[in-house]
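Okay, structure first, notes after.
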Amino acid sequence: MRQCGNQIGLEFWKNIVQEHGIDNEGFYRGSNPVQTERANVYFTEAPGGRHVPRVVAVDLEPGVLDGIRASSLGNLFRPESMLCAQSGAGNNWAKGFYTEGAELLDSVLDIVRHDVEACDLLSGFQICHSIGGGTGSGLGSLMLQKIREEYPDRMLSTFTVMPSAA
């Protein structure tokens, strides 16, 4: 979520595709079949053998997601899995939790449900976000709350970046 979480998420996916021998278009190009044995943890295999990440990238302004779309991995992700608003949260937790973020929440949860339904066995969720701004902290808190409500028996792991005074 937001700039920090989405940038960390992009680096995460760079490592995952390399680990599993998957190219930037989602096709297996590795040399060891063991690489694809557990690819289903993070990917859904689409028709034609393309591996599609189960990911939801969210921001309340389009800049960072536009950068991800233009990156080397931009074609890997489903376009509908990247959601953004136009206004931003302006480093305001309440805007992320109560107003702008809340307006986007149903769309985010629809994508989450879509990806959950595509899983054979859902283990849990991983969320990358920062608690120093408005989207990652406010909308992040709201998403954590709603995911916990809808999937109370699933693991929920957060990778949270805290602001530094330095």
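Letters for chains follow the order of the structure tokens (A, B, ...), residue numbers begin at 1 for each chain, and ligand numbers begin at 1 in the order shown.
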For this session: Give me every strand (DSSP E) residue in stretch 4-151 of chain A, going by DSSP on the backbone, as a PyMOL selection string.
Result: chain A and resi 43-45+51-53+57-59+82-84+124-130
Store the residues picked out above, limited to N, CA and C atoms, as a compact mmCIF listing (two decimals), in the first residue's frame.
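Generated file (result_12.txt):
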```txt
# COMPACT_ATOMS: atom_id res chain seq x y z
N PHE A 43 1.28 -17.41 -6.96
CA PHE A 43 0.78 -17.21 -8.32
C PHE A 43 -0.44 -18.08 -8.59
N THR A 44 -1.29 -17.60 -9.49
CA THR A 44 -2.34 -18.39 -10.08
C THR A 44 -1.87 -18.71 -11.50
N GLU A 45 -1.98 -19.97 -11.89
CA GLU A 45 -1.57 -20.32 -13.25
C GLU A 45 -2.75 -20.12 -14.19
N HIS A 51 1.96 -17.41 -15.25
CA HIS A 51 1.82 -17.29 -13.80
C HIS A 51 1.47 -15.84 -13.48
N VAL A 52 0.33 -15.66 -12.81
CA VAL A 52 -0.16 -14.33 -12.48
C VAL A 52 -0.11 -14.15 -10.97
N PRO A 53 0.59 -13.12 -10.50
CA PRO A 53 0.68 -12.90 -9.06
C PRO A 53 -0.68 -12.62 -8.44
N ALA A 57 -2.41 -4.04 -5.29
CA ALA A 57 -1.61 -2.85 -5.05
C ALA A 57 -2.57 -1.67 -4.96
N VAL A 58 -2.48 -0.92 -3.87
CA VAL A 58 -3.46 0.14 -3.59
C VAL A 58 -2.74 1.43 -3.26
N ASP A 59 -3.28 2.52 -3.78
CA ASP A 59 -2.77 3.85 -3.44
C ASP A 59 -3.91 4.85 -3.61
N MET A 82 -4.50 -3.38 -9.55
CA MET A 82 -3.88 -2.12 -9.12
C MET A 82 -4.95 -1.05 -9.03
N LEU A 83 -5.27 -0.68 -7.81
CA LEU A 83 -6.34 0.28 -7.56
C LEU A 83 -5.80 1.59 -7.02
N CYS A 84 -6.29 2.68 -7.59
CA CYS A 84 -5.88 3.96 -7.03
C CYS A 84 -7.01 4.97 -7.16
N GLY A 124 -2.88 -17.40 4.08
CA GLY A 124 -3.03 -16.13 4.75
C GLY A 124 -2.72 -14.97 3.83
N PHE A 125 -2.43 -13.85 4.45
CA PHE A 125 -2.22 -12.59 3.73
C PHE A 125 -0.92 -11.96 4.18
N GLN A 126 -0.26 -11.26 3.25
CA GLN A 126 0.92 -10.46 3.56
C GLN A 126 0.61 -9.04 3.13
N ILE A 127 0.86 -8.09 4.00
CA ILE A 127 0.61 -6.69 3.68
C ILE A 127 1.88 -5.90 3.94
N CYS A 128 2.29 -5.12 2.94
CA CYS A 128 3.43 -4.22 3.06
C CYS A 128 2.88 -2.80 3.12
N HIS A 129 3.25 -2.06 4.15
CA HIS A 129 2.78 -0.68 4.27
C HIS A 129 3.64 0.08 5.26
N SER A 130 3.45 1.38 5.24
CA SER A 130 4.13 2.26 6.18
C SER A 130 3.09 2.83 7.13
```
For this session: May I have the residues within 9 Å of stretch 32-37 of chain A as a PyMOL selection string, using only C-alpha atoms and disregarding those fewer than 3 positions away in the same chain?
Result: chain A and resi 19-22+28+40
Would you mind exporting the chosen residues as a JSON list (two decimals), in the first residue's frame, restricted to all heavy atoms?
```
[["chain", "number", "residue", "atom", "x", "y", "z"],
["A", 19, "GLU", "N", 13.24, -16.33, -7.98],
["A", 19, "GLU", "CA", 13.31, -17.58, -7.21],
["A", 19, "GLU", "C", 12.57, -18.72, -7.91],
["A", 19, "GLU", "O", 12.99, -19.86, -7.86],
["A", 19, "GLU", "CB", 12.71, -17.34, -5.83],
["A", 19, "GLU", "CG", 12.69, -18.55, -4.93],
["A", 19, "GLU", "CD", 12.10, -18.24, -3.57],
["A", 19, "GLU", "OE1", 12.45, -17.19, -3.00],
["A", 19, "GLU", "OE2", 11.28, -19.04, -3.09],
["A", 20, "HIS", "N", 11.46, -18.39, -8.57],
["A", 20, "HIS", "CA", 10.65, -19.41, -9.21],
["A", 20, "HIS", "C", 10.92, -19.57, -10.70],
["A", 20, "HIS", "O", 10.22, -20.33, -11.38],
["A", 20, "HIS", "CB", 9.17, -19.14, -8.96],
["A", 20, "HIS", "CG", 8.78, -19.36, -7.53],
["A", 20, "HIS", "ND1", 8.61, -20.61, -6.99],
["A", 20, "HIS", "CD2", 8.56, -18.48, -6.52],
["A", 20, "HIS", "CE1", 8.29, -20.50, -5.71],
["A", 20, "HIS", "NE2", 8.26, -19.21, -5.40],
["A", 21, "GLY", "N", 11.92, -18.85, -11.23],
["A", 21, "GLY", "CA", 12.27, -18.99, -12.64],
["A", 21, "GLY", "C", 11.22, -18.45, -13.58],
["A", 21, "GLY", "O", 11.07, -18.93, -14.70],
["A", 22, "ILE", "N", 10.50, -17.45, -13.16],
["A", 22, "ILE", "CA", 9.42, -16.87, -13.96],
["A", 22, "ILE", "C", 9.90, -15.55, -14.55],
["A", 22, "ILE", "O", 10.50, -14.73, -13.85],
["A", 22, "ILE", "CB", 8.16, -16.69, -13.09],
["A", 22, "ILE", "CG1", 7.66, -18.08, -12.65],
["A", 22, "ILE", "CG2", 7.08, -15.91, -13.83],
["A", 22, "ILE", "CD1", 6.57, -18.05, -11.63],
["A", 28, "TYR", "N", 7.29, -19.47, -17.11],
["A", 28, "TYR", "CA", 8.42, -20.19, -16.52],
["A", 28, "TYR", "C", 9.55, -20.29, -17.54],
["A", 28, "TYR", "O", 9.35, -20.77, -18.65],
["A", 28, "TYR", "CB", 7.98, -21.59, -16.07],
["A", 28, "TYR", "CG", 9.12, -22.42, -15.55],
["A", 28, "TYR", "CD1", 9.75, -22.09, -14.36],
["A", 28, "TYR", "CD2", 9.58, -23.52, -16.26],
["A", 28, "TYR", "CE1", 10.81, -22.83, -13.88],
["A", 28, "TYR", "CE2", 10.64, -24.27, -15.79],
["A", 28, "TYR", "CZ", 11.25, -23.92, -14.59],
["A", 28, "TYR", "OH", 12.31, -24.66, -14.13],
["A", 40, "ASN", "N", 2.54, -21.92, -6.74],
["A", 40, "ASN", "CA", 1.12, -21.66, -6.46],
["A", 40, "ASN", "C", 0.89, -20.95, -5.13],
["A", 40, "ASN", "O", -0.22, -20.54, -4.83],
["A", 40, "ASN", "CB", 0.32, -22.95, -6.52],
["A", 40, "ASN", "CG", 0.71, -23.95, -5.46],
["A", 40, "ASN", "OD1", 1.74, -23.81, -4.80],
["A", 40, "ASN", "ND2", -0.10, -24.98, -5.31]]
```
Problem set entry | alpha helix (DSSP H) positions in chain A, given as a PyMOL selection string | chain A and resi 2-19+34-37+63-69+93-97+100-117+140-150
For this session: Rank A:Met1, A:Ile16, A:Ala94, A:Ile8 by their smallest atom-to-atom distance to A:Gly138, using only C-alpha atoms, and report the top residue only.
Result: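 Among the listed residues, the smallest separation from A:Gly138 belongs to A:Ala94.
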Contacts of stretch 96-103 of chain A within 8 Å, only C-alpha atoms, excl. fewer than 5 positions in-chain, as a JSON list (two decimals) with C-alpha atoms, in the first residue's frame:
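The new file selection25.json reads:
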```json
[["chain", "number", "residue", "atom", "x", "y", "z"],
["A", 60, "LEU", "CA", -4.89, 6.94, -3.02],
["A", 85, "ALA", "CA", -7.86, 7.09, -6.34],
["A", 87, "SER", "CA", -6.84, 12.64, -4.32],
["A", 88, "GLY", "CA", -4.26, 11.15, -1.95],
["A", 89, "ALA", "CA", -4.43, 11.13, 1.82],
["A", 134, "GLY", "CA", -2.13, 8.50, 5.35],
["A", 135, "THR", "CA", -2.75, 5.67, 2.91],
["A", 136, "GLY", "CA", -0.45, 3.01, 4.33],
["A", 137, "SER", "CA", -1.42, 3.80, 7.89],
["A", 138, "GLY", "CA", -5.10, 4.75, 7.58],
["A", 139, "LEU", "CA", -6.26, 2.55, 4.71],
["A", 140, "GLY", "CA", -3.79, -0.10, 5.89],
["A", 141, "SER", "CA", -5.47, -0.19, 9.31],
["A", 142, "LEU", "CA", -8.88, -0.38, 7.71]]
```
For this session: Please identify all polymer residues within 12 Å of A:Ser123, counting only C-alpha atoms, omitting same-chain residues fewer than 6 positions from it, and present them as a PyMOL selection string.
Result: chain A and resi 40-42+116+151-157
For this session: Would you mind reading off the distance between atom CA of A:Arg148 and atom CA of A:Asn92, one decimal, in Å?
Result: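 Straight-line distance from atom CA of A:Arg148 to atom CA of A:Asn92 works out to 23.1 Å.
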Exercise. So what do you get for atom CA of A:Phe77 versus atom CA of A:Leu144, distance-wise?
Worked result: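 One can read the atom CA of A:Phe77 to atom CA of A:Leu144 distance as 22.2 Å.
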For this session: Grab the atom CA of A:Gly132 to atom CA of A:Gln7 distance for me, in Å with one decimal place.
Result: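 These two atoms are separated by 14.7 Å.
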